[in-house]
Amino acid sequence: MKKERILEELEKCSKDPIYFITNYVKIVHPIRGIVPFSLYNFQKRIVTEIDGHRFNVIKKFRQAGVTTIMCAYSLWKIIFEHNKLVMVVSIGDRESTTFLTRVVGMYDDLPSWMQPKVKEKNKHNLILTTGSRIRSQPAGAGRSEAVSLLIVDEAAFIDRMREFWAAVYPTLSTGGDAVLLSTVNGMSNLYYELYNGAVKGQNTFNVIDIHWKEHPEYTEEWAEEMRPALGERMWRQEYECAFLGTGENFLDTHTLTVLNDNINKDYVSMASDYLRVWKPPEQYHTYVLCADPSFGRGRDHSAFHILNLYNGEQVAEFYSNKTSIKDFAKIIKDEATKYNTAYVVVERNNLGIALIQELWDNLEYDNLWADEKNDIGILVNAKNREIILSHLEEGLRTAKFRVNSERTLMELNTFI
């Protein structure tokens, strides 16, 4: 190729990542081997949007090729822009090295006149003579440098994503971009919160939604074959991108979504945020405080919820894994007394018996709920468990109960 033509092509590629990818990037196809990366229309839309917005959150279906797009876009970034750091964060070390291996393969298949020389290459870093580099790593590795482009792959599945995001976000403050991409993994994670906040206009992320029907190779006939093979639940999560809770959830998707949309963050925090209060007691209203104790040694949590029996609203909540039974009982008595001497219902297991004794014998709180045998507290067993759960599901599904707490919702999202 003549020098003038080379300069012309380099100019076109530098201005248009789609032109670069479709004309020069090659990928490994599982059947056809090394082939040109011919972007589908929805894939071109992804490239256009991530190149046009600073913060992007992508909700993708399985096998959409989004990670491969990010490999190609990263390569374009470090070839045609100088002194840039592209940080790629994956679930684990295997995934992070696989990402960089793909990028290196794309680089190796470029024409020699388009390849800046490699200054350094190992399983986690690719540095070119442009001064730009890609660092691919699992979440939690070193992250102190200013980042030009942050890519978080399968963000909904990264453990401790909140801590990672809090640590890495300041490195974007000098003007860096971010792309969070993932298949969905329930609603109890930061990815869902950022995505949902972006949809509602509560943050600056640009939402990129893609659907399997946009993929030319995914036909209705293909879906008819895949859907029963995967099962309805996995199909909806993996291809319909429905935000389901984690595991075989007790509550259906619609109920969880409605509950999430009605979370109330306007509360008064007390006792080191163990106690949260949304509504003060109202005269003539009847309240119930439901308590479940733990040892208070940093493992399981002691918790109670106060509900207004007039309208089913959660008005207060306590949640702690560092509170002794004795202190837990004192807090219960104080709060229950405030709420018009609320009924107190304690689960009557081993620890529950100790809590009941503390409330009844030592603190002399006498409005404790008793069953038909006049035994204080409720004993959950195989006979009544399904009935209790049925009432709970109906109450939440029909909005007889209103959950204000995000902590309670997180428990419901993982309740199976």
# chains A, B, ... in the order shown; residues from 1 in each chain; ligands from 1
$ residues_around --residues "Val168 of chain A" --least-positions-apart "5" --cutoff "12 Å" --atoms "only C-alpha atoms" --output "list in words"
Met87, Val88, Val89, Ala139, Gly140, Ala141, Gly142, Arg143, Ser144, Glu145, Ala146, Val147, Ser148, Leu149, Leu150, Ile151, Val152, Met161, Arg162, Glu163, Ser173, Gly176, Asp177 and Ala178 of chain A
$ select_by_dssp --residues "segment 131-375 of chain A" --states "helix (DSSP H, G or I)" --output "PyMOL selection string"
chain A and resi 155-157+161-172+190-199+212-214+220-230+232-238+253-261+325-338+350-362
$ closest_residue --among "A:Lys338, A:Asn249, A:Ile376, A:Leu230" --to "Lys279 of chain A" --atoms "only C-alpha atoms"
A:Lys338
$ atom_distance --atom1 "atom CA of Phe250 of chain A" --atom2 "atom CA of Ile91 of chain A"
27.1 Å
$ residues_around --residues "segment 39-47 of chain A" --least-positions-apart "6" --cutoff "8 Å" --atoms "only C-alpha atoms" --output "list in words"
Pro17, Ile18, Ile21, Thr22, Gly65, Val66, Ile69, Tyr73, Ile208, Ile210, Glu214, His215 and Pro216 of chain A
$ write_last_selection --atoms "N, CA, C and O atoms" --output "mmCIF file, in the first residue's frame"
data_model
loop_
_atom_site.group_PDB
_atom_site.id
_atom_site.type_symbol
_atom_site.label_atom_id
_atom_site.label_comp_id
_atom_site.auth_asym_id
_atom_site.auth_seq_id
_atom_site.Cartn_x
_atom_site.Cartn_y
_atom_site.Cartn_z
ATOM 1 N N PRO A 17 -13.909 4.627 15.313
ATOM 2 C CA PRO A 17 -13.605 3.278 15.801
ATOM 3 C C PRO A 17 -14.375 2.186 15.058
ATOM 4 O O PRO A 17 -13.872 1.063 14.928
ATOM 5 N N ILE A 18 -15.575 2.503 14.575
ATOM 6 C CA ILE A 18 -16.334 1.501 13.823
ATOM 7 C C ILE A 18 -15.619 1.159 12.520
ATOM 8 O O ILE A 18 -15.523 -0.012 12.125
ATOM 9 N N ILE A 21 -12.636 -1.045 13.391
ATOM 10 C CA ILE A 21 -12.995 -2.417 13.793
ATOM 11 C C ILE A 21 -13.453 -3.245 12.593
ATOM 12 O O ILE A 21 -12.993 -4.377 12.392
ATOM 13 N N THR A 22 -14.356 -2.682 11.800
ATOM 14 C CA THR A 22 -14.934 -3.465 10.702
ATOM 15 C C THR A 22 -13.946 -3.716 9.563
ATOM 16 O O THR A 22 -14.087 -4.693 8.825
ATOM 17 N N GLY A 65 -21.452 -10.597 22.239
ATOM 18 C CA GLY A 65 -20.207 -10.091 21.679
ATOM 19 C C GLY A 65 -19.765 -8.765 22.250
ATOM 20 O O GLY A 65 -18.876 -8.100 21.693
ATOM 21 N N VAL A 66 -20.346 -8.353 23.388
ATOM 22 C CA VAL A 66 -20.030 -7.036 23.944
ATOM 23 C C VAL A 66 -18.605 -6.999 24.493
ATOM 24 O O VAL A 66 -17.888 -6.007 24.311
ATOM 25 N N ILE A 69 -16.321 -6.542 21.667
ATOM 26 C CA ILE A 69 -16.367 -5.143 21.223
ATOM 27 C C ILE A 69 -15.463 -4.286 22.101
ATOM 28 O O ILE A 69 -14.706 -3.440 21.598
ATOM 29 N N TYR A 73 -12.408 -1.967 20.991
ATOM 30 C CA TYR A 73 -12.442 -0.534 21.287
ATOM 31 C C TYR A 73 -11.219 -0.129 22.108
ATOM 32 O O TYR A 73 -10.636 0.945 21.904
ATOM 33 N N ILE A 208 -27.441 1.617 27.824
ATOM 34 C CA ILE A 208 -27.421 0.925 26.535
ATOM 35 C C ILE A 208 -28.090 -0.433 26.732
ATOM 36 O O ILE A 208 -27.532 -1.326 27.379
ATOM 37 N N ILE A 210 -29.646 -3.828 24.978
ATOM 38 C CA ILE A 210 -29.687 -4.614 23.747
ATOM 39 C C ILE A 210 -30.550 -5.855 23.996
ATOM 40 O O ILE A 210 -30.646 -6.337 25.132
ATOM 41 N N GLU A 214 -32.219 -8.432 18.312
ATOM 42 C CA GLU A 214 -31.393 -7.584 17.452
ATOM 43 C C GLU A 214 -30.248 -8.368 16.801
ATOM 44 O O GLU A 214 -29.621 -7.874 15.865
ATOM 45 N N HIS A 215 -29.989 -9.551 17.295
ATOM 46 C CA HIS A 215 -28.907 -10.376 16.749
ATOM 47 C C HIS A 215 -29.440 -11.147 15.536
ATOM 48 O O HIS A 215 -30.369 -11.951 15.675
ATOM 49 N N PRO A 216 -28.861 -10.941 14.359
ATOM 50 C CA PRO A 216 -29.392 -11.580 13.145
ATOM 51 C C PRO A 216 -29.420 -13.105 13.188
ATOM 52 O O PRO A 216 -30.245 -13.730 12.523
#
$ decode --residues "segment 357-369 of chain A" --atoms "N, CA and C atoms" --output "JSON list (two decimals), in the first residue's frame"
[["chain", "number", "residue", "atom", "x", "y", "z"],
["A", 357, "GLN", "N", -37.30, -14.48, 77.85],
["A", 357, "GLN", "CA", -37.06, -14.43, 79.30],
["A", 357, "GLN", "C", -36.54, -13.07, 79.74],
["A", 358, "GLU", "N", -35.64, -12.50, 78.92],
["A", 358, "GLU", "CA", -35.10, -11.18, 79.25],
["A", 358, "GLU", "C", -36.19, -10.12, 79.22],
["A", 359, "LEU", "N", -37.06, -10.17, 78.19],
["A", 359, "LEU", "CA", -38.14, -9.19, 78.07],
["A", 359, "LEU", "C", -39.19, -9.37, 79.16],
["A", 360, "TRP", "N", -39.55, -10.61, 79.46],
["A", 360, "TRP", "CA", -40.67, -10.89, 80.37],
["A", 360, "TRP", "C", -40.22, -10.83, 81.84],
["A", 361, "ASP", "N", -39.15, -11.55, 82.15],
["A", 361, "ASP", "CA", -38.74, -11.68, 83.55],
["A", 361, "ASP", "C", -37.95, -10.48, 84.06],
["A", 362, "ASN", "N", -37.00, -10.00, 83.26],
["A", 362, "ASN", "CA", -36.11, -8.95, 83.74],
["A", 362, "ASN", "C", -36.60, -7.55, 83.42],
["A", 363, "LEU", "N", -37.11, -7.35, 82.20],
["A", 363, "LEU", "CA", -37.56, -6.02, 81.79],
["A", 363, "LEU", "C", -39.05, -5.81, 82.01],
["A", 364, "GLU", "N", -39.77, -6.90, 82.30],
["A", 364, "GLU", "CA", -41.20, -6.85, 82.63],
["A", 364, "GLU", "C", -42.03, -6.17, 81.53],
["A", 365, "TYR", "N", -41.69, -6.49, 80.29],
["A", 365, "TYR", "CA", -42.52, -6.02, 79.17],
["A", 365, "TYR", "C", -43.60, -7.08, 78.96],
["A", 366, "ASP", "N", -44.86, -6.68, 79.15],
["A", 366, "ASP", "CA", -45.92, -7.70, 79.21],
["A", 366, "ASP", "C", -46.78, -7.81, 77.95],
["A", 367, "ASN", "N", -46.54, -6.98, 76.93],
["A", 367, "ASN", "CA", -47.36, -7.10, 75.72],
["A", 367, "ASN", "C", -46.65, -8.00, 74.70],
["A", 368, "LEU", "N", -46.32, -9.21, 75.15],
["A", 368, "LEU", "CA", -45.68, -10.19, 74.29],
["A", 368, "LEU", "C", -46.74, -11.12, 73.70],
["A", 369, "TRP", "N", -46.61, -11.38, 72.43],
["A", 369, "TRP", "CA", -47.61, -12.21, 71.74],
["A", 369, "TRP", "C", -47.48, -13.66, 72.17]]
